[in-house]
>>> print(open('final18.csv').read())   # CSV, N, CA and C atoms
chain,number,residue,atom,x,y,z
A,258,MET,N,5.6,-27.9,63.8
A,258,MET,CA,5.8,-29.3,63.9
A,258,MET,C,6.7,-29.6,65.1
A,259,LYS,N,6.3,-30.5,65.9
A,259,LYS,CA,7.1,-31.0,67.0
A,259,LYS,C,7.6,-32.4,66.7
A,260,ILE,N,8.8,-32.7,67.2
A,260,ILE,CA,9.5,-34.0,66.9
A,260,ILE,C,9.2,-34.8,68.2
A,261,PRO,N,8.7,-36.1,68.0
A,261,PRO,CA,8.6,-36.9,69.2
A,261,PRO,C,9.9,-37.1,69.9
A,262,GLY,N,9.9,-37.2,71.2
A,262,GLY,CA,11.2,-37.4,71.9
A,262,GLY,C,10.8,-38.0,73.3
A,263,PRO,N,11.8,-37.9,74.2
A,263,PRO,CA,11.6,-38.5,75.5
A,263,PRO,C,10.4,-37.9,76.3
A,264,ASP,N,10.1,-36.6,76.1
A,264,ASP,CA,9.0,-36.0,76.7
A,264,ASP,C,7.6,-36.3,76.1
A,265,HIS,N,7.6,-36.8,74.9
A,265,HIS,CA,6.4,-37.1,74.1
A,265,HIS,C,6.8,-38.2,73.1
A,266,PRO,N,7.0,-39.4,73.5
A,266,PRO,CA,7.4,-40.5,72.6
A,266,PRO,C,6.2,-40.9,71.7
A,267,ILE,N,6.5,-41.3,70.5
A,267,ILE,CA,5.6,-41.9,69.5
A,267,ILE,C,6.3,-43.0,68.9
A,268,THR,N,5.7,-44.2,68.9
A,268,THR,CA,6.2,-45.4,68.2
A,268,THR,C,5.1,-45.9,67.3
A,269,VAL,N,5.5,-46.4,66.1
A,269,VAL,CA,4.6,-47.0,65.1
A,269,VAL,C,5.2,-48.3,64.8
A,270,THR,N,4.4,-49.4,65.1
A,270,THR,CA,4.9,-50.8,64.9
A,270,THR,C,3.9,-51.6,64.2
A,271,PRO,N,4.3,-52.6,63.4
A,271,PRO,CA,3.3,-53.5,62.8
A,271,PRO,C,2.5,-54.2,63.9
A,272,GLU,N,1.2,-54.4,63.7
A,272,GLU,CA,0.4,-55.2,64.6
A,272,GLU,C,0.3,-56.6,64.0
A,273,THR,N,0.7,-57.5,64.8
A,273,THR,CA,0.8,-58.9,64.3
A,273,THR,C,-0.6,-59.6,64.3
A,274,ARG,N,-1.5,-59.1,65.1
A,274,ARG,CA,-2.8,-59.7,65.1
A,274,ARG,C,-3.8,-59.0,64.1
A,275,ARG,N,-4.9,-59.7,63.9
A,275,ARG,CA,-5.9,-59.3,63.0
A,275,ARG,C,-6.7,-58.2,63.7
A,276,VAL,N,-7.0,-57.1,62.9
A,276,VAL,CA,-7.9,-56.0,63.4
A,276,VAL,C,-9.1,-56.0,62.6
A,277,ARG,N,-10.3,-56.0,63.2
A,277,ARG,CA,-11.6,-56.0,62.5
A,277,ARG,C,-12.5,-54.9,63.2
A,278,VAL,N,-13.1,-54.1,62.4
A,278,VAL,CA,-14.0,-53.0,62.9
A,278,VAL,C,-15.4,-53.3,62.3
A,279,THR,N,-16.4,-53.2,63.2
A,279,THR,CA,-17.8,-53.5,62.9
A,279,THR,C,-18.7,-52.4,63.3
A,280,VAL,N,-19.7,-52.1,62.5
A,280,VAL,CA,-20.7,-51.1,62.8
A,280,VAL,C,-22.0,-51.6,62.3
A,281,ALA,N,-23.0,-51.7,63.2
A,281,ALA,CA,-24.4,-52.2,62.9
A,281,ALA,C,-24.3,-53.5,62.1
A,282,GLY,N,-23.5,-54.4,62.6
A,282,GLY,CA,-23.4,-55.7,62.0
A,282,GLY,C,-22.6,-55.8,60.7
A,283,THR,N,-22.1,-54.7,60.2
A,283,THR,CA,-21.3,-54.6,59.0
A,283,THR,C,-19.8,-54.4,59.3
A,284,VAL,N,-19.0,-55.3,58.7
A,284,VAL,CA,-17.6,-55.1,58.8
A,284,VAL,C,-17.1,-54.0,57.9
A,285,VAL,N,-16.5,-53.0,58.5
A,285,VAL,CA,-16.1,-51.8,57.7
A,285,VAL,C,-14.6,-51.8,57.5
A,286,ALA,N,-13.9,-52.7,58.3
A,286,ALA,CA,-12.4,-52.8,58.1
A,286,ALA,C,-12.0,-54.2,58.6
A,287,ASP,N,-11.1,-54.8,57.9
A,287,ASP,CA,-10.6,-56.1,58.4
A,287,ASP,C,-9.2,-56.3,57.8
A,288,THR,N,-8.2,-56.4,58.6
A,288,THR,CA,-6.8,-56.5,58.1
A,288,THR,C,-5.9,-57.3,59.0
A,289,ARG,N,-4.9,-57.8,58.4
A,289,ARG,CA,-3.7,-58.4,59.2
A,289,ARG,C,-2.5,-57.5,59.0
A,290,ASP,N,-2.7,-56.3,58.5
A,290,ASP,CA,-1.6,-55.4,58.2
A,290,ASP,C,-1.8,-54.0,58.9
A,291,ALA,N,-2.4,-54.0,60.1
A,291,ALA,CA,-2.6,-52.8,60.8
A,291,ALA,C,-1.2,-52.3,61.4
A,292,LEU,N,-1.2,-51.1,61.8
A,292,LEU,CA,-0.1,-50.5,62.5
A,292,LEU,C,-0.6,-50.1,63.9
A,293,ARG,N,0.2,-50.2,64.9
A,293,ARG,CA,-0.1,-49.8,66.3
A,293,ARG,C,0.7,-48.6,66.6
A,294,LEU,N,0.0,-47.5,66.8
A,294,LEU,CA,0.7,-46.2,67.2
A,294,LEU,C,0.5,-46.0,68.7
A,295,GLU,N,1.6,-45.9,69.4
A,295,GLU,CA,1.6,-45.6,70.8
A,295,GLU,C,2.2,-44.2,71.0
A,296,GLU,N,1.5,-43.3,71.6
A,296,GLU,CA,1.9,-41.9,71.8
A,296,GLU,C,1.8,-41.5,73.3
A,297,ALA,N,2.9,-41.1,73.8
A,297,ALA,CA,3.0,-40.7,75.2
A,297,ALA,C,2.2,-41.6,76.1
A,298,SER,N,1.3,-41.0,76.9
A,298,SER,CA,0.5,-41.9,77.8
A,298,SER,C,-0.9,-42.2,77.3
A,299,TYR,N,-1.2,-41.9,76.0
A,299,TYR,CA,-2.5,-42.2,75.4
A,299,TYR,C,-2.6,-43.7,75.2
A,300,PRO,N,-3.9,-44.2,75.1
A,300,PRO,CA,-4.1,-45.6,74.7
A,300,PRO,C,-3.6,-45.9,73.3
A,301,PRO,N,-3.1,-47.1,73.0
A,301,PRO,CA,-2.6,-47.4,71.6
A,301,PRO,C,-3.8,-47.2,70.6
A,302,VAL,N,-3.4,-46.8,69.4
A,302,VAL,CA,-4.4,-46.6,68.3
A,302,VAL,C,-4.0,-47.5,67.2
A,303,PHE,N,-4.9,-48.2,66.6
A,303,PHE,CA,-4.7,-49.1,65.5
A,303,PHE,C,-5.0,-48.4,64.2
A,304,TYR,N,-4.1,-48.3,63.3
A,304,TYR,CA,-4.3,-47.7,62.0
A,304,TYR,C,-4.4,-48.9,61.0
A,305,VAL,N,-5.4,-48.8,60.2
A,305,VAL,CA,-5.8,-49.8,59.2
A,305,VAL,C,-5.5,-49.3,57.8
A,306,PRO,N,-4.8,-50.1,57.0
A,306,PRO,CA,-4.6,-49.7,55.6
A,306,PRO,C,-5.9,-49.4,54.9
A,307,ARG,N,-5.9,-48.3,54.1
A,307,ARG,CA,-7.2,-47.9,53.4
A,307,ARG,C,-7.6,-49.1,52.5
A,308,ARG,N,-6.7,-49.8,51.9
A,308,ARG,CA,-7.1,-50.9,51.0
A,308,ARG,C,-7.9,-52.0,51.7
A,309,ASP,N,-7.8,-52.1,53.1
A,309,ASP,CA,-8.5,-53.1,53.9
A,309,ASP,C,-9.8,-52.5,54.5
A,310,THR,N,-10.3,-51.4,54.0
A,310,THR,CA,-11.5,-50.8,54.5
A,310,THR,C,-12.6,-50.9,53.5
A,311,ARG,N,-13.8,-50.7,53.9
A,311,ARG,CA,-14.9,-50.7,52.9
A,311,ARG,C,-15.3,-49.2,52.8
A,312,SER,N,-14.5,-48.5,52.0
A,312,SER,CA,-14.6,-47.0,51.9
A,312,SER,C,-16.0,-46.5,51.4
A,313,ALA,N,-16.8,-47.4,50.8
A,313,ALA,CA,-18.2,-47.0,50.4
A,313,ALA,C,-19.0,-46.6,51.6
A,314,PHE,N,-18.6,-47.0,52.8
A,314,PHE,CA,-19.3,-46.6,54.0
A,314,PHE,C,-18.7,-45.3,54.7
A,315,PHE,N,-17.7,-44.8,54.1
A,315,PHE,CA,-17.1,-43.5,54.6
A,315,PHE,C,-17.6,-42.3,53.9
A,316,ALA,N,-18.1,-41.4,54.7
A,316,ALA,CA,-18.6,-40.1,54.1
A,316,ALA,C,-17.7,-39.0,54.7
A,317,PRO,N,-17.1,-38.2,53.8
A,317,PRO,CA,-16.3,-37.1,54.3
A,317,PRO,C,-17.0,-36.2,55.3
A,318,SER,N,-16.4,-35.8,56.3
A,318,SER,CA,-16.9,-34.9,57.4
A,318,SER,C,-16.3,-33.5,57.2
A,319,ALA,N,-16.9,-32.5,57.8
A,319,ALA,CA,-16.3,-31.2,57.7
A,319,ALA,C,-15.3,-31.0,58.8
A,320,ARG,N,-15.2,-31.9,59.7
A,320,ARG,CA,-14.2,-31.8,60.8
A,320,ARG,C,-12.8,-32.0,60.4
A,321,THR,N,-11.9,-31.2,61.0
A,321,THR,CA,-10.5,-31.4,60.8
A,321,THR,C,-9.8,-31.1,62.2
A,322,SER,N,-8.6,-31.5,62.3
A,322,SER,CA,-7.9,-31.2,63.6
A,322,SER,C,-6.4,-31.2,63.2
A,323,HIS,N,-5.6,-30.6,64.2
A,323,HIS,CA,-4.2,-30.5,64.0
A,323,HIS,C,-3.5,-31.1,65.2
A,324,CYS,N,-2.5,-32.0,64.9
A,324,CYS,CA,-1.6,-32.5,66.0
A,324,CYS,C,-0.2,-32.0,65.7
A,325,PRO,N,0.4,-31.4,66.7
A,325,PRO,CA,1.7,-30.8,66.4
A,325,PRO,C,2.8,-31.9,66.1
A,326,TYR,N,2.5,-33.2,66.4
A,326,TYR,CA,3.4,-34.3,66.2
A,326,TYR,C,3.1,-35.1,65.0
A,327,LYS,N,1.8,-35.1,64.6
A,327,LYS,CA,1.4,-35.9,63.4
A,327,LYS,C,1.0,-35.1,62.2
A,328,GLY,N,0.5,-33.9,62.4
A,328,GLY,CA,0.0,-33.1,61.2
A,328,GLY,C,-1.5,-32.9,61.3
A,329,ASP,N,-2.1,-32.6,60.1
A,329,ASP,CA,-3.5,-32.3,60.0
A,329,ASP,C,-4.3,-33.6,59.7
A,330,ALA,N,-5.3,-33.7,60.5
A,330,ALA,CA,-6.2,-34.9,60.4
A,330,ALA,C,-7.5,-34.5,59.7
A,331,ARG,N,-8.0,-35.5,58.9
A,331,ARG,CA,-9.2,-35.3,58.2
A,331,ARG,C,-10.2,-36.4,58.7
A,332,TYR,N,-11.5,-36.2,58.8
A,332,TYR,CA,-12.4,-37.1,59.4
A,332,TYR,C,-13.5,-37.5,58.5
A,333,PHE,N,-14.1,-38.7,58.8
A,333,PHE,CA,-15.1,-39.3,58.0
A,333,PHE,C,-16.2,-39.8,59.0
A,334,ASP,N,-17.5,-39.7,58.5
A,334,ASP,CA,-18.6,-40.4,59.2
A,334,ASP,C,-18.6,-41.8,58.6
A,335,LEU,N,-19.1,-42.7,59.4
A,335,LEU,CA,-19.4,-44.0,58.9
A,335,LEU,C,-20.9,-44.1,58.7
A,336,ALA,N,-21.3,-44.3,57.4
A,336,ALA,CA,-22.7,-44.4,57.0
A,336,ALA,C,-23.0,-45.8,56.6
A,337,VAL,N,-23.5,-46.6,57.5
A,337,VAL,CA,-23.9,-48.0,57.3
A,337,VAL,C,-25.4,-48.0,57.2
A,338,PRO,N,-26.0,-48.8,56.4
A,338,PRO,CA,-27.5,-48.8,56.4
A,338,PRO,C,-28.1,-48.9,57.8
A,339,GLY,N,-28.9,-47.9,58.1
A,339,GLY,CA,-29.6,-47.9,59.4
A,339,GLY,C,-28.9,-47.1,60.4
A,340,THR,N,-27.7,-46.6,60.2
A,340,THR,CA,-27.0,-45.8,61.2
A,340,THR,C,-25.9,-44.9,60.6
A,341,ARG,N,-25.6,-43.8,61.2
A,341,ARG,CA,-24.6,-43.0,60.8
A,341,ARG,C,-23.8,-42.6,62.1
A,342,ARG,N,-22.5,-42.8,62.0
A,342,ARG,CA,-21.6,-42.5,63.1
A,342,ARG,C,-20.7,-41.3,62.8
A,343,PRO,N,-21.0,-40.1,63.3
A,343,PRO,CA,-20.3,-38.9,62.9
A,343,PRO,C,-18.8,-39.0,63.4
A,344,ASP,N,-18.0,-38.5,62.5
A,344,ASP,CA,-16.5,-38.4,62.8
A,344,ASP,C,-15.9,-39.6,63.5
A,345,ALA,N,-16.3,-40.8,63.0
A,345,ALA,CA,-15.8,-42.0,63.6
A,345,ALA,C,-14.4,-42.5,63.1
A,346,VAL,N,-14.0,-41.9,62.0
A,346,VAL,CA,-12.8,-42.3,61.3
A,346,VAL,C,-11.9,-41.1,61.1
A,347,TRP,N,-10.6,-41.2,61.2
A,347,TRP,CA,-9.7,-40.1,60.8
A,347,TRP,C,-8.5,-40.6,60.1
A,348,SER,N,-7.8,-39.8,59.4
A,348,SER,CA,-6.6,-40.1,58.7
A,348,SER,C,-5.7,-38.9,58.6
A,349,TYR,N,-4.5,-39.1,58.5
A,349,TYR,CA,-3.5,-38.1,58.3
A,349,TYR,C,-3.0,-38.2,56.8
A,350,GLU,N,-3.5,-37.4,56.0
A,350,GLU,CA,-3.2,-37.5,54.5
A,350,GLU,C,-1.7,-37.2,54.2
A,351,MET,N,-1.2,-36.2,54.9
A,351,MET,CA,0.2,-35.8,54.8
A,351,MET,C,0.9,-35.8,56.2
A,352,PRO,N,1.1,-36.9,56.8
A,352,PRO,CA,1.6,-36.9,58.1
A,352,PRO,C,3.1,-36.4,58.2
A,353,TYR,N,3.5,-35.9,59.3
A,353,TYR,CA,4.8,-35.4,59.5
A,353,TYR,C,5.8,-36.6,59.3
A,354,PRO,N,7.1,-36.3,59.0
A,354,PRO,CA,8.0,-37.4,58.7
A,354,PRO,C,8.2,-38.4,59.8
A,355,ALA,N,8.1,-38.0,61.1
A,355,ALA,CA,8.3,-39.0,62.2
A,355,ALA,C,7.2,-40.1,62.2
A,356,VAL,N,6.0,-39.8,61.6
A,356,VAL,CA,5.0,-40.8,61.6
A,356,VAL,C,4.5,-41.1,60.2
A,357,ASP,N,5.4,-40.9,59.2
A,357,ASP,CA,5.0,-41.1,57.8
A,357,ASP,C,4.4,-42.5,57.5
A,358,ALA,N,4.7,-43.5,58.4
A,358,ALA,CA,4.2,-44.8,58.2
A,358,ALA,C,2.7,-44.9,58.2
A,359,ILE,N,2.0,-43.9,58.8
A,359,ILE,CA,0.5,-44.0,58.9
A,359,ILE,C,-0.2,-43.3,57.6
A,360,ARG,N,0.6,-42.9,56.7
A,360,ARG,CA,0.1,-42.4,55.4
A,360,ARG,C,-0.7,-43.5,54.8
A,361,GLU,N,-1.8,-43.2,54.2
A,361,GLU,CA,-2.7,-44.2,53.5
A,361,GLU,C,-3.3,-45.2,54.5
A,362,TYR,N,-3.4,-44.8,55.8
A,362,TYR,CA,-4.0,-45.6,56.8
A,362,TYR,C,-5.1,-44.7,57.5
A,363,VAL,N,-6.1,-45.4,58.1
A,363,VAL,CA,-7.2,-44.7,58.8
A,363,VAL,C,-7.3,-45.3,60.2
A,364,ALA,N,-7.8,-44.6,61.2
A,364,ALA,CA,-8.0,-45.0,62.5
A,364,ALA,C,-9.5,-44.8,62.9
A,365,PHE,N,-10.0,-45.6,63.8
A,365,PHE,CA,-11.4,-45.5,64.3
A,365,PHE,C,-11.5,-45.2,65.7
A,366,TYR,N,-12.4,-44.3,66.1
A,366,TYR,CA,-12.7,-44.1,67.5
A,366,TYR,C,-13.4,-45.3,68.1
A,367,PRO,N,-12.9,-46.0,69.0
A,367,PRO,CA,-13.5,-47.2,69.5
A,367,PRO,C,-15.0,-47.0,70.1
A,368,ASP,N,-15.2,-45.8,70.6
A,368,ASP,CA,-16.6,-45.5,71.2
A,368,ASP,C,-17.6,-45.1,70.1
A,369,ARG,N,-17.2,-45.1,68.8
A,369,ARG,CA,-18.1,-44.7,67.7
A,369,ARG,C,-18.3,-45.8,66.8
A,370,VAL,N,-17.8,-47.0,67.1
A,370,VAL,CA,-18.0,-48.2,66.3
A,370,VAL,C,-18.6,-49.2,67.3
A,371,ASP,N,-19.2,-50.3,66.8
A,371,ASP,CA,-19.7,-51.3,67.7
A,371,ASP,C,-18.7,-52.2,68.2
A,372,ALA,N,-17.7,-52.5,67.4
A,372,ALA,CA,-16.6,-53.4,67.8
A,372,ALA,C,-15.3,-53.0,67.1
A,373,LEU,N,-14.2,-52.9,67.8
A,373,LEU,CA,-12.9,-52.8,67.3
A,373,LEU,C,-12.1,-54.0,67.9
A,374,ASP,N,-12.1,-55.1,67.2
A,374,ASP,CA,-11.6,-56.3,67.7
A,374,ASP,C,-10.1,-56.5,67.3
A,375,VAL,N,-9.3,-56.9,68.2
A,375,VAL,CA,-7.9,-57.4,67.9
A,375,VAL,C,-7.9,-58.8,68.2
A,376,LEU,N,-7.8,-59.6,67.1
A,376,LEU,CA,-7.9,-61.1,67.2
A,376,LEU,C,-6.6,-61.8,66.9
A,377,ASP,N,-6.4,-63.0,67.6
A,377,ASP,CA,-5.2,-63.8,67.3
A,377,ASP,C,-5.3,-64.4,66.0
>>> encode(input="final18.csv", output="structure tokens")
Amino acid sequence: MKIPGPDHPITVTPETRRVRVTVAGTVVADTRDALRLEEASYPPVFYVPRRDTRSAFFAPSARTSHCPYKGDARYFDLAVPGTRRPDAVWSYEMPYPAVDAIREYVAFYPDRVDALDVLD
């Protein structure tokens, strides 16, 4: 486990705007309680509370990954009628203490959904 610091900063802040994710015309997530994770020089990632997702469209994937700063990630396909988007969603079930705020949240790859909108 690595601790975020000046050489690799990570911040998690509440996102004040609404975040909505759509696949094949179906809203799979819609929240006003998202978190914005900013890590080093990577683009910001929006994490959505699980309670604000339509988990019926999530199918567990065999893919996993490890981040030395956040922990082990688990992935899900999005299976919406007429389409399946492999490994489009991920979550950290047991995140490291520095990013524990993202526990019970999921994130979406913007290029694997049709829209990831941040609305006023």
>>> closest_residue(input="final18.csv", among="A:Met258, A:Ala281, A:Leu292, A:Ala319", to="Asp334 in chain A", atoms="only C-alpha atoms")
A:Ala319
>>> closest_residue(input="final18.csv", among="A:Val363, A:Ala355, A:Ala313, A:Val269", to="Pro325 in chain A", atoms="only C-alpha atoms")
A:Ala355
>>> atom_distance(input="final18.csv", atom1="atom N of Arg307 in chain A", atom2="atom C of Pro338 in chain A")
22.5 Å
>>> closest_residue(input="final18.csv", among="A:Ile359, A:Lys259, A:Asp290, A:Ala345", to="Thr273 in chain A", atoms="only N, CA and C atoms")
A:Asp290
>>> residues_around(input="final18.csv", residues="Glu350 in chain A", least_positions_apart="5", cutoff="6.5 Å", atoms="all atoms listed in the file", output="compact mmCIF listing (two decimals) with N, CA and C atoms, keeping the file's coordinate frame")
# COMPACT_ATOMS: atom_id res chain seq x y z
N ASP A 329 -2.10 -32.60 60.10
CA ASP A 329 -3.50 -32.30 60.00
C ASP A 329 -4.30 -33.60 59.70
N ALA A 330 -5.30 -33.70 60.50
CA ALA A 330 -6.20 -34.90 60.40
C ALA A 330 -7.50 -34.50 59.70
N ARG A 331 -8.00 -35.50 58.90
CA ARG A 331 -9.20 -35.30 58.20
C ARG A 331 -10.20 -36.40 58.70
N ARG A 360 0.60 -42.90 56.70
CA ARG A 360 0.10 -42.40 55.40
C ARG A 360 -0.70 -43.50 54.80
N GLU A 361 -1.80 -43.20 54.20
CA GLU A 361 -2.70 -44.20 53.50
C GLU A 361 -3.30 -45.20 54.50
>>> select_by_dssp(input="final18.csv", residues="chain A", states="strand (DSSP E or B)", output="ChimeraX atom specification")
/A:262,265,267-271,275-280,283-288,292-296,302-306,310,315-324,328-337,340-349,362-365,372-376
>>> residues_around(input="final18.csv", residues="range 366-374 of chain A", least_positions_apart="6", cutoff="6.5 Å", atoms="only N, CA and C atoms", output="list in words")
Arg275, Val276, Arg277, Val278, Thr279, Val280, Ala281, Arg342, Asp344, Ala345, Val346 and Trp347 of chain A
>>> atom_distance(input="final18.csv", atom1="atom C of Met351 in chain A", atom2="atom N of Pro306 in chain A")
15.4 Å
>>> residues_around(input="final18.csv", residues="Asp264 in chain A", least_positions_apart="2", cutoff="8 Å", atoms="all atoms listed in the file", output="PyMOL selection string")
chain A and resi 261-262+266-267+297-298
>>> write_last_selection(input="final18.csv", atoms="N, CA and C atoms", output="mmCIF file, keeping the file's coordinate frame")
data_model
loop_
_atom_site.group_PDB
_atom_site.id
_atom_site.type_symbol
_atom_site.label_atom_id
_atom_site.label_comp_id
_atom_site.auth_asym_id
_atom_site.auth_seq_id
_atom_site.Cartn_x
_atom_site.Cartn_y
_atom_site.Cartn_z
ATOM 1 N N PRO A 261 8.700 -36.100 68.000
ATOM 2 C CA PRO A 261 8.600 -36.900 69.200
ATOM 3 C C PRO A 261 9.900 -37.100 69.900
ATOM 4 N N GLY A 262 9.900 -37.200 71.200
ATOM 5 C CA GLY A 262 11.200 -37.400 71.900
ATOM 6 C C GLY A 262 10.800 -38.000 73.300
ATOM 7 N N PRO A 266 7.000 -39.400 73.500
ATOM 8 C CA PRO A 266 7.400 -40.500 72.600
ATOM 9 C C PRO A 266 6.200 -40.900 71.700
ATOM 10 N N ILE A 267 6.500 -41.300 70.500
ATOM 11 C CA ILE A 267 5.600 -41.900 69.500
ATOM 12 C C ILE A 267 6.300 -43.000 68.900
ATOM 13 N N ALA A 297 2.900 -41.100 73.800
ATOM 14 C CA ALA A 297 3.000 -40.700 75.200
ATOM 15 C C ALA A 297 2.200 -41.600 76.100
ATOM 16 N N SER A 298 1.300 -41.000 76.900
ATOM 17 C CA SER A 298 0.500 -41.900 77.800
ATOM 18 C C SER A 298 -0.900 -42.200 77.300
#
>>> atom_distance(input="final18.csv", atom1="CA of Asp377 in chain A", atom2="CA of Arg274 in chain A")
5.2 Å
>>> closest_residue(input="final18.csv", among="A:Val375, A:Cys324, A:Ala316, A:Ala291", to="Ala336 in chain A", atoms="all atoms listed in the file")
A:Ala316
>>> residues_near_point(input="final18.csv", point="(1.0, -43.8, 68.6)", cutoff="8 Å", atoms="all atoms listed in the file", output="ChimeraX atom specification")
/A:266-270,293-297,299-303
>>> closest_residue(input="final18.csv", among="A:Arg341, A:Thr288, A:Pro263, A:Phe333", to="Arg308 in chain A", atoms="only N, CA and C atoms")
A:Thr288
>>> closest_residue(input="final18.csv", among="A:Tyr349, A:Thr310, A:His323, A:Ala364", to="Val284 in chain A", atoms="only N, CA and C atoms")
A:Thr310
